[in-house]
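**Q** Below is the file work-v7.tsv, with TSV, C-alpha atoms.
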chain	number	residue	atom	x	y	z
A	1	LEU	CA	-1.17	47.77	95.27
A	2	PRO	CA	-0.96	44.08	94.35
A	3	GLN	CA	-2.86	43.11	91.20
A	4	ASN	CA	-3.68	46.75	90.43
A	5	VAL	CA	-4.70	46.63	86.77
A	6	ARG	CA	-3.61	50.21	85.98
A	7	ILE	CA	-0.11	49.53	87.30
A	8	LEU	CA	0.06	46.19	85.51
A	9	ASN	CA	-1.01	47.79	82.23
A	10	GLN	CA	1.84	50.28	82.63
A	11	GLN	CA	4.21	47.34	83.08
A	12	GLY	CA	2.88	45.88	79.83
A	13	TYR	CA	3.42	49.17	78.01
A	14	LEU	CA	6.96	49.36	79.38
A	15	TYR	CA	7.80	45.90	78.04
A	16	ALA	CA	6.22	46.81	74.68
A	17	ASP	CA	8.27	50.03	74.48
A	18	GLN	CA	11.39	47.86	74.80
A	19	GLN	CA	10.12	45.44	72.11
A	20	HIS	CA	9.71	42.70	74.76
A	21	HIS	CA	6.42	41.67	73.19
A	22	GLU	CA	6.11	38.23	74.79
A	23	ALA	CA	6.60	39.71	78.26
A	24	ALA	CA	4.08	42.44	77.44
A	25	LEU	CA	1.57	39.84	76.26
A	26	LYS	CA	1.95	37.89	79.50
A	27	VAL	CA	1.17	41.02	81.55
A	28	PHE	CA	-1.89	41.97	79.50
A	29	VAL	CA	-3.22	38.40	79.74
A	30	GLN	CA	-2.74	38.66	83.53
A	31	VAL	CA	-4.77	41.90	83.61
A	32	LEU	CA	-7.56	40.28	81.59
A	33	SER	CA	-7.67	37.37	84.04
A	34	ILE	CA	-8.35	39.94	86.79
A	35	ASP	CA	-10.60	42.24	84.73
A	36	PRO	CA	-11.89	40.44	81.61
A	37	ILE	CA	-13.36	43.63	80.08
A	38	ASN	CA	-10.31	45.87	80.56
A	39	VAL	CA	-10.16	47.77	77.28
A	40	ASP	CA	-6.53	48.90	77.60
A	41	ALA	CA	-5.31	45.38	78.37
A	42	PHE	CA	-7.25	43.95	75.44
A	43	ASP	CA	-5.76	46.58	73.14
A	44	GLY	CA	-2.28	45.87	74.54
A	45	LYS	CA	-2.75	42.13	74.05
A	46	ILE	CA	-3.73	42.60	70.38
A	47	LYS	CA	-0.78	44.93	69.74
A	48	ALA	CA	1.64	42.46	71.36
A	49	LEU	CA	0.30	39.65	69.17
A	50	ARG	CA	0.45	41.83	66.05
A	51	SER	CA	4.04	42.83	66.85
A	52	GLN	CA	4.98	39.14	66.84
A	53	GLY	CA	3.12	38.44	63.61
A	54	LYS	CA	0.69	36.07	65.35
A	55	TRP	CA	-2.20	36.90	63.04
A	56	ASP	CA	-4.23	33.75	63.73
A	57	GLU	CA	-4.10	34.49	67.45
A	58	VAL	CA	-5.05	38.12	66.76
A	59	ASN	CA	-8.16	37.01	64.88
A	60	LYS	CA	-9.04	34.46	67.57
A	61	ALA	CA	-8.67	37.07	70.35
A	62	LEU	CA	-10.78	39.57	68.39
A	63	LYS	CA	-13.54	37.03	67.86
A	64	GLU	CA	-13.57	35.92	71.50
A	65	MET	CA	-13.73	39.46	72.86
A	66	CYS	CA	-15.71	41.33	70.24
A	67	ASP	CA	-18.47	38.82	69.45
A	68	ARG	CA	-19.57	38.30	73.01
A	69	PRO	CA	-22.82	39.94	74.15
A	70	GLY	CA	-22.91	42.88	76.54
A	71	ASN	CA	-19.73	44.67	75.46
A	72	SER	CA	-19.52	48.35	76.36
A	73	PRO	CA	-19.45	51.02	73.62
A	74	GLU	CA	-15.81	51.68	74.61
A	75	MET	CA	-14.87	48.04	74.05
A	76	LEU	CA	-16.82	47.85	70.79
A	77	ASN	CA	-15.14	51.01	69.49
A	78	ARG	CA	-11.79	49.43	70.26
A	79	CYS	CA	-12.88	46.26	68.46
A	80	GLY	CA	-13.96	48.29	65.43
A	81	ARG	CA	-10.61	50.06	65.23
A	82	LEU	CA	-8.75	46.76	65.56
A	83	TYR	CA	-10.85	45.16	62.80
A	84	PHE	CA	-9.97	48.21	60.68
A	85	LYS	CA	-6.25	47.67	61.33
A	86	GLN	CA	-6.71	44.05	60.28
A	87	GLN	CA	-8.29	45.35	57.04
A	88	GLN	CA	-11.54	43.59	57.98
A	89	TYR	CA	-13.58	46.62	56.98
A	90	ASP	CA	-16.99	44.88	56.84
A	91	LYS	CA	-16.52	43.64	60.41
A	92	ALA	CA	-15.40	47.11	61.48
A	93	ILE	CA	-18.51	48.72	59.94
A	94	GLN	CA	-20.81	46.13	61.54
A	95	THR	CA	-19.21	46.81	64.92
A	96	PHE	CA	-19.54	50.59	64.66
A	97	GLU	CA	-23.18	50.22	63.52
A	98	GLN	CA	-23.83	47.98	66.53
A	99	ILE	CA	-22.72	50.84	68.78
A	100	LEU	CA	-24.80	53.43	66.92
A	101	ARG	CA	-27.99	51.40	67.33
A	102	ASP	CA	-27.68	51.86	71.10
A	103	VAL	CA	-25.74	55.15	71.27
A	104	PRO	CA	-26.69	57.21	68.16
A	105	ASN	CA	-24.51	60.16	69.18
A	106	ASP	CA	-21.26	58.20	69.63
A	107	GLU	CA	-18.63	60.29	67.80
A	108	GLU	CA	-16.00	57.53	67.74
A	109	ALA	CA	-18.40	55.09	66.12
A	110	TRP	CA	-19.50	57.58	63.43
A	111	VAL	CA	-15.89	58.44	62.57
A	112	GLY	CA	-14.93	54.76	62.53
A	113	LYS	CA	-17.81	53.87	60.22
A	114	ILE	CA	-17.07	56.73	57.82
A	115	VAL	CA	-13.34	55.97	57.67
A	116	SER	CA	-14.07	52.28	57.02
A	117	LEU	CA	-16.47	53.14	54.19
A	118	ARG	CA	-13.88	55.51	52.71
A	119	GLN	CA	-11.28	52.76	52.88
A	120	GLN	CA	-13.62	50.55	50.85
A	121	THR	CA	-14.06	53.47	48.39
A	122	ASP	CA	-17.80	53.27	49.03
A	123	PHE	CA	-18.10	57.02	48.61
A	124	PRO	CA	-21.94	57.30	48.35
A	125	GLU	CA	-22.40	55.32	51.58
A	126	ALA	CA	-19.69	57.39	53.29
A	127	ALA	CA	-21.41	60.63	52.19
A	128	GLN	CA	-24.73	59.36	53.54
A	129	ALA	CA	-23.10	58.39	56.85
A	130	ILE	CA	-21.57	61.88	57.13
A	131	GLN	CA	-24.97	63.52	56.64
A	132	GLU	CA	-26.56	61.21	59.21
A	133	ALA	CA	-23.74	61.94	61.65
A	134	LEU	CA	-24.06	65.71	61.20
A	135	THR	CA	-27.78	65.58	61.96
A	136	ARG	CA	-26.83	63.97	65.26
A	137	LEU	CA	-23.63	65.95	65.86
A	138	PRO	CA	-23.89	69.28	64.02
A	139	GLN	CA	-20.65	71.25	63.75
A	140	ASN	CA	-18.62	68.28	64.97
A	141	VAL	CA	-15.07	68.96	63.79
A	142	ARG	CA	-14.07	65.32	63.33
A	143	ILE	CA	-17.13	64.59	61.18
A	144	LEU	CA	-16.62	67.78	59.16
A	145	ASN	CA	-12.98	66.80	58.60
A	146	GLN	CA	-14.20	63.45	57.27
A	147	GLN	CA	-16.38	65.34	54.80
A	148	GLY	CA	-13.28	67.14	53.55
A	149	TYR	CA	-11.29	63.90	53.36
A	150	LEU	CA	-14.11	62.28	51.37
A	151	TYR	CA	-13.93	65.01	48.72
A	152	ALA	CA	-10.15	64.62	48.63
A	153	ASP	CA	-10.46	60.84	48.23
A	154	GLN	CA	-12.31	61.62	45.01
A	155	GLN	CA	-9.64	64.20	44.03
A	156	GLN	CA	-12.11	67.04	44.51
A	157	TYR	CA	-9.50	69.09	46.32
A	158	GLU	CA	-11.18	72.48	45.87
A	159	LYS	CA	-14.34	71.24	47.59
A	160	ALA	CA	-12.19	69.69	50.33
A	161	ILE	CA	-10.40	72.99	50.93
A	162	GLN	CA	-13.74	74.83	51.10
A	163	ILE	CA	-14.83	72.43	53.85
A	164	PHE	CA	-11.57	72.96	55.76
A	165	ASP	CA	-11.92	76.74	55.46
A	166	LYS	CA	-15.40	76.53	57.00
A	167	ILE	CA	-14.01	74.45	59.86
A	168	LEU	CA	-11.12	76.84	60.48
A	169	ASN	CA	-13.47	79.83	60.57
A	170	ASP	CA	-15.04	78.32	63.69
A	171	PHE	CA	-12.22	76.17	65.02
A	172	SER	CA	-8.96	77.93	64.20
A	173	ASP	CA	-6.98	75.84	66.70
A	174	ASN	CA	-7.68	72.52	64.95
A	175	GLU	CA	-4.18	71.40	64.00
A	176	TYR	CA	-5.27	68.47	61.84
A	177	THR	CA	-7.48	70.66	59.66
A	178	TRP	CA	-4.58	73.07	59.12
A	179	LYS	CA	-2.27	70.17	58.34
A	180	ILE	CA	-4.51	68.55	55.76
A	181	LYS	CA	-5.32	71.87	54.08
A	182	ILE	CA	-1.58	72.48	53.61
A	183	ARG	CA	-1.21	68.93	52.30
A	184	TYR	CA	-3.91	69.28	49.65
A	185	LEU	CA	-2.61	72.66	48.47
A	186	GLU	CA	0.78	70.97	48.11
A	187	LEU	CA	-0.79	68.14	46.07
A	188	MET	CA	-2.21	70.77	43.70
A	189	TYR	CA	1.27	72.38	43.44
A	190	ARG	CA	-0.07	75.58	44.98
A	191	PHE	CA	3.09	75.95	47.01
A	192	ASN	CA	2.86	79.67	47.77
A	193	GLU	CA	-0.65	79.28	49.13
A	194	ALA	CA	0.41	76.25	51.15
A	195	GLU	CA	3.25	78.21	52.72
A	196	GLU	CA	0.93	81.12	53.53
A	197	VAL	CA	-1.52	78.73	55.19
A	198	ALA	CA	1.30	77.12	57.18
A	199	GLN	CA	2.37	80.56	58.39
A	200	LYS	CA	-1.19	81.43	59.46
A	201	ALA	CA	-1.44	78.10	61.25
A	202	LEU	CA	1.77	78.75	63.18
A	203	GLU	CA	0.53	82.21	64.16
A	204	LYS	CA	-2.49	80.49	65.72
A	205	LEU	CA	-0.51	77.51	67.01
A	206	PRO	CA	3.11	78.58	67.58
A	207	GLN	CA	5.72	75.79	67.67
A	208	ASN	CA	3.09	73.22	66.69
A	209	ILE	CA	5.05	70.14	65.66
A	210	ILE	CA	2.32	68.73	63.41
A	211	ILE	CA	2.29	71.92	61.33
A	212	LEU	CA	6.08	72.13	61.31
A	213	LYS	CA	6.33	68.55	60.02
A	214	GLN	CA	3.99	69.45	57.17
A	215	LYS	CA	6.26	72.36	56.31
A	216	ILE	CA	9.20	69.94	56.00
A	217	LYS	CA	7.27	67.95	53.40
A	218	LEU	CA	6.28	71.15	51.60
A	219	TYR	CA	9.90	72.32	51.34
A	220	ARG	CA	11.13	68.87	50.29
A	221	LYS	CA	8.53	68.74	47.52
A	222	GLN	CA	9.91	72.03	46.18
A	223	GLY	CA	13.54	70.96	46.53
A	224	GLN	CA	14.16	73.62	49.19
A	225	TYR	CA	16.32	71.30	51.25
A	226	ASP	CA	18.10	73.88	53.42
A	227	LYS	CA	14.71	75.18	54.58
A	228	ALA	CA	13.55	71.62	55.26
A	229	ILE	CA	16.65	70.97	57.40
A	230	ALA	CA	16.07	74.24	59.28
A	231	ILE	CA	12.53	73.14	60.18
A	232	CYS	CA	13.85	69.76	61.36
A	233	ASP	CA	16.27	71.59	63.63
A	234	GLU	CA	13.45	73.82	64.89
A	235	ILE	CA	11.41	70.74	65.86
A	236	LEU	CA	14.40	69.15	67.58
A	237	LYS	CA	14.83	72.29	69.71
A	238	ILE	CA	11.24	71.80	70.87
A	239	ASN	CA	11.56	68.02	71.27
A	240	LEU	CA	15.07	66.56	71.41
A	241	ALA	CA	13.80	63.04	70.74
A	242	ASN	CA	11.41	63.61	67.83
A	243	GLU	CA	11.81	60.56	65.60
A	244	ASP	CA	10.15	62.08	62.52
A	245	ALA	CA	12.35	65.18	62.58
A	246	PHE	CA	15.50	63.04	62.78
A	247	VAL	CA	14.30	60.74	59.97
A	248	GLN	CA	13.36	63.64	57.68
A	249	LYS	CA	16.68	65.39	58.31
A	250	ILE	CA	18.66	62.23	57.58
A	251	ARG	CA	16.67	61.63	54.36
A	252	VAL	CA	17.32	65.16	53.12
A	253	LEU	CA	21.04	64.97	53.89
A	254	ARG	CA	21.25	61.59	52.16
A	255	SER	CA	19.48	62.92	49.07
A	256	LEU	CA	22.08	65.72	48.94
A	257	ASN	CA	24.92	63.16	49.21
A	258	ARG	CA	25.97	64.79	52.48
A	259	PHE	CA	26.78	61.39	53.87
A	260	SER	CA	29.07	62.40	56.74
A	261	ASP	CA	26.49	64.93	57.98
A	262	ALA	CA	23.78	62.26	57.75
A	263	GLU	CA	25.91	59.82	59.76
A	264	ARG	CA	26.50	62.49	62.41
A	265	VAL	CA	22.72	63.06	62.72
A	266	ILE	CA	22.13	59.30	62.96
A	267	GLN	CA	24.55	59.09	65.89
A	268	GLU	CA	22.83	62.06	67.57
A	269	ALA	CA	19.46	60.41	67.04
A	270	LEU	CA	20.59	57.07	68.47
A	271	LYS	CA	21.80	58.82	71.63
A	272	GLN	CA	18.27	60.13	72.12
A	273	LEU	CA	16.49	57.06	70.72
A	274	PRO	CA	18.71	53.97	71.23
A	275	GLN	CA	17.69	50.95	69.13
A	276	ASN	CA	15.05	53.00	67.31
A	277	VAL	CA	14.20	50.94	64.23
A	278	ALA	CA	13.30	53.93	62.05
A	279	ILE	CA	16.72	55.50	62.71
A	280	LEU	CA	18.54	52.19	62.25
A	281	ASN	CA	16.76	51.69	58.93
A	282	GLN	CA	17.98	55.12	57.87
A	283	GLN	CA	21.49	54.03	58.78
A	284	GLY	CA	21.06	51.02	56.50
A	285	TYR	CA	19.83	53.21	53.65
A	286	LEU	CA	22.78	55.56	54.18
A	287	TYR	CA	25.30	52.72	53.89
A	288	ALA	CA	23.50	51.38	50.81
A	289	ALA	CA	23.60	54.83	49.17
A	290	GLN	CA	27.41	54.71	49.56
A	291	GLN	CA	27.50	51.14	48.21
A	292	GLN	CA	28.64	49.85	51.60
A	293	TYR	CA	26.32	46.88	51.27
A	294	GLU	CA	27.80	44.69	53.99
A	295	ALA	CA	27.41	47.51	56.53
A	296	ALA	CA	23.87	48.13	55.26
A	297	LEU	CA	23.06	44.45	55.63
A	298	LYS	CA	24.31	44.50	59.21
A	299	ALA	CA	22.09	47.49	60.03
A	300	PHE	CA	18.97	45.88	58.55
A	301	LYS	CA	19.69	42.61	60.38
A	302	GLN	CA	19.92	44.59	63.61
A	303	VAL	CA	16.46	46.03	62.96
A	304	LEU	CA	15.03	42.58	62.21
A	305	PHE	CA	16.53	41.27	65.45
A	306	ILE	CA	14.62	44.00	67.33
A	307	ASP	CA	11.49	43.84	65.17
A	308	PRO	CA	11.31	40.62	63.13
A	309	ASN	CA	8.26	41.89	61.20
A	310	ASN	CA	9.78	45.19	60.05
A	311	VAL	CA	8.91	45.38	56.35
A	312	ASP	CA	11.37	48.18	55.51
A	313	ALA	CA	14.28	46.32	57.11
A	314	PHE	CA	13.38	43.10	55.30
A	315	ASP	CA	13.23	44.96	51.99
A	316	GLY	CA	16.55	46.68	52.77
A	317	LYS	CA	18.16	43.34	53.62
A	318	ILE	CA	17.03	41.82	50.31
A	319	GLN	CA	18.25	44.85	48.34
A	320	ALA	CA	21.64	44.71	50.08
A	321	LEU	CA	22.00	41.00	49.24
A	322	ARG	CA	20.90	41.59	45.63
A	323	SER	CA	23.44	44.42	45.27
A	324	GLN	CA	26.18	41.99	46.24
A	325	GLY	CA	24.92	39.37	43.80
A	326	LYS	CA	24.12	36.92	46.61
A	327	ARG	CA	21.16	35.32	44.84
A	328	ASP	CA	21.20	32.13	46.92
A	329	GLU	CA	21.04	34.17	50.12
A	330	VAL	CA	18.25	36.29	48.63
A	331	ASN	CA	16.21	33.17	47.88
A	332	GLN	CA	16.91	31.75	51.33
A	333	ALA	CA	15.87	35.00	53.03
A	334	LEU	CA	12.71	35.19	50.92
A	335	GLU	CA	11.79	31.62	51.77
A	336	GLU	CA	12.42	32.08	55.49
A	337	MET	CA	10.37	35.29	55.73
A	338	CYS	CA	7.65	34.82	53.14
A	339	ASP	CA	6.69	31.18	53.68
A	340	ARG	CA	6.16	31.50	57.41
A	341	PRO	CA	2.56	31.47	58.67
A	342	GLY	CA	0.88	34.60	59.98
A	343	ASN	CA	2.56	37.27	57.85
A	344	SER	CA	0.76	40.61	57.63
A	345	PRO	CA	-0.76	41.77	54.30
A	346	GLU	CA	1.95	44.46	54.15
A	347	MET	CA	4.72	41.88	54.49
A	348	LEU	CA	3.11	39.55	51.95
A	349	ASN	CA	2.77	42.40	49.45
A	350	GLN	CA	6.46	43.13	49.91
A	351	CYS	CA	7.26	39.44	49.42
A	352	GLY	CA	5.22	39.39	46.22
A	353	LEU	CA	7.06	42.42	44.85
A	354	LEU	CA	10.41	40.87	45.72
A	355	TYR	CA	9.51	37.54	44.09
A	356	PHE	CA	8.56	39.56	41.01
A	357	LYS	CA	11.97	41.27	40.99
A	358	GLN	CA	13.56	37.83	41.25
A	359	GLN	CA	11.49	36.83	38.19
A	360	GLN	CA	9.78	34.17	40.28
A	361	TYR	CA	6.41	35.06	38.82
A	362	ASP	CA	4.51	31.97	39.98
A	363	LYS	CA	5.60	32.61	43.58
A	364	ALA	CA	4.66	36.28	43.21
A	365	ILE	CA	1.17	35.39	41.96
A	366	GLN	CA	0.66	32.82	44.75
A	367	THR	CA	1.69	35.41	47.33
A	368	PHE	CA	-0.62	38.13	45.99
A	369	GLU	CA	-3.47	35.62	45.81
Mind converting the file's structure to structure tokens?
**A**
Amino acid sequence: LPQNVRILNQQGYLYADQQHHEAALKVFVQVLSIDPINVDAFDGKIKALRSQGKWDEVNKALKEMCDRPGNSPEMLNRCGRLYFKQQQYDKAIQTFEQILRDVPNDEEAWVGKIVSLRQQTDFPEAAQAIQEALTRLPQNVRILNQQGYLYADQQQYEKAIQIFDKILNDFSDNEYTWKIKIRYLELMYRFNEAEEVAQKALEKLPQNIIILKQKIKLYRKQGQYDKAIAICDEILKINLANEDAFVQKIRVLRSLNRFSDAERVIQEALKQLPQNVAILNQQGYLYAAQQQYEAALKAFKQVLFIDPNNVDAFDGKIQALRSQGKRDEVNQALEEMCDRPGNSPEMLNQCGLLYFKQQQYDKAIQTFE
């Protein structure tokens, strides 16, 4: 099947999974030369560019693809989500509204518009969009969930929970509604209720990993660390390579100063997930917690070799250098990372905070600006 775009896209995903972002980009560009409106290849191309911190090229590719006439609703929805990820919320909203003018019942576009308005904290407009969406799509679970999230955004948690209860009366298998209800009960310190809801959810959805992960957070919040570890182990019996379960277990063990147990779990995790940056970052944090700063530095450098734009690893590297009093190396590392073109807003925020800690206030202000 020469030049089969589905096979080529899979090749691109395979390269991306191995952090070979330039090779992935080359494949997705090849697909787009064969099929210029291939949504998956366009999405893959943007992700490959983002992974390399090529923000100018991301914006150029978005403009070229998304501003051209005749795009399908599928392509425009993808454009809207990508604008959202770029924090270009006005562009995202305009794109979703463009879809809705032609396809008024498009669920993805309604959800995208509402989420973008919520992100801008334009709560009245978001509420109006929800009502308009529900007239088109009554009883749509995703829109109803957005109504609950909107109340929660405004810290009206009781109203949010009432919305989620209504959803669960009709759609008791909706895992995300269960999850967020547990989360908001936890935020209100209604731990017993949250645990009861989690139990009901697991009766409806046994061995559901999303619900189990929420239980980990619930137990951690209450300082019930043995129970949190037990849930991590339960998830890992279901899925031997679950990154989140490994990370949560390592964090709990580290917080209990059970360093040798945490190291053992890290080694188990790396057997299942070799070169996983989240696990390697945890290894760096573990060394730092034991004041083994040189080992921590080595771990964070390994992450940055795999993923040069990893904000957590960059922060960990700077902290490890600071802990050793290597101020010249700190300044050099800051300059190398923070002055390069195309940094993400997340990385620049981290740079600004680190300049602040270095008492380089002018540099901090310039970075935030």
**Q** Can you work out the spacing between atom CA of Arg183 of chain A and atom CA of Gln154 of chain A in Å, to one decimal?
**A**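 Going from atom CA of Arg183 of chain A over to atom CA of Gln154 of chain A, I get 15.2 Å.
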**Q** Can you write out as CSV which residues of segment 144-219 of chain A fall within 10 Å of segment 246-264 of chain A, alongside each residue's closest atom pair and its distance in Å to one decimal, counting all atoms listed in the file and ordering rows by chain and ascending residue number?
**A**
residue,atom,partner,partner_atom,distance
A:Lys213,CA,A:Gln248,CA,8.9
A:Ile216,CA,A:Gln248,CA,7.7
A:Lys217,CA,A:Gln248,CA,8.6
**Q** Expressed in Å to a single decimal, how great is the separation between atom CA of Asn208 of chain A and atom CA of Ile180 of chain A?
**A**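 Computed distance, atom CA of Asn208 of chain A to atom CA of Ile180 of chain A, equals 14.1 Å.
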**Q** Could you give me, as CSV, every segment 113-178 of chain A residue with an atom at most 12 Å from segment 58-81 of chain A, plus its closest atom pair and distance in Å to one decimal, counting all atoms listed in the file, rows ordered by chain then number?
**A**
residue,atom,partner,partner_atom,distance
A:Lys113,CA,A:Gly80,CA,8.6
A:Ile114,CA,A:Gly80,CA,11.8
A:Val115,CA,A:Arg81,CA,10.0
A:Ser116,CA,A:Arg81,CA,9.2
**Q** Could you please determine the separation between atom CA of Gly53 of chain A and atom CA of Ala320 of chain A in Å, to one decimal place?
**A** 23.8 Å
**Q** Find the residue from A:Arg118, A:Leu137, A:Cys232, A:Trp178 that sits nearest to Ala152 of chain A; use all atoms listed in the file when measuring.
**A**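 Distance minimum relative to Ala152 of chain A lands on A:Arg118.
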**Q** Compile a residue-level contact table for segment 25-102 of chain A against segment 294-317 of chain A at a cut-off of 10 Å, reporting for every qualifying residue the shortest atom pair and its distance in Å to one decimal, with all atoms listed in the file counted, rows ordered by chain and ascending number, as JSON lines.
**A**
{"residue": "A:Arg50", "atom": "CA", "partner": "A:Asn309", "partner_atom": "CA", "distance": 9.2}
{"residue": "A:Ser51", "atom": "CA", "partner": "A:Asn309", "partner_atom": "CA", "distance": 7.1}
{"residue": "A:Gln52", "atom": "CA", "partner": "A:Asn309", "partner_atom": "CA", "distance": 7.1}
{"residue": "A:Gly53", "atom": "CA", "partner": "A:Asn309", "partner_atom": "CA", "distance": 6.6}
**Q** From the list A:Phe368, A:Tyr13, A:Phe164, A:Tyr83, which residue is nearest Gly44 of chain A when using all atoms listed in the file?
**A**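 That would be A:Tyr13, the residue with the smallest distance to Gly44 of chain A.
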**Q** Counting all atoms listed in the file, I want the residues whose atoms come within 8 Å of (0.1, 76.4, 56.1) in the file frame, returned as a short mmCIF file (atom, residue, chain, number, x, y, z; two decimals) with C-alpha atoms, keeping the file's coordinate frame.
**A**
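Once written, result_30.cif looks like this:
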data_model
loop_
_atom_site.label_atom_id
_atom_site.label_comp_id
_atom_site.auth_asym_id
_atom_site.auth_seq_id
_atom_site.Cartn_x
_atom_site.Cartn_y
_atom_site.Cartn_z
CA TRP A 178 -4.58 73.07 59.12
CA LYS A 179 -2.27 70.17 58.34
CA LYS A 181 -5.32 71.87 54.08
CA ILE A 182 -1.58 72.48 53.61
CA GLU A 193 -0.65 79.28 49.13
CA ALA A 194 0.41 76.25 51.15
CA GLU A 195 3.25 78.21 52.72
CA GLU A 196 0.93 81.12 53.53
CA VAL A 197 -1.52 78.73 55.19
CA ALA A 198 1.30 77.12 57.18
CA GLN A 199 2.37 80.56 58.39
CA LYS A 200 -1.19 81.43 59.46
CA ALA A 201 -1.44 78.10 61.25
CA LEU A 202 1.77 78.75 63.18
CA ILE A 211 2.29 71.92 61.33
CA LYS A 215 6.26 72.36 56.31
#
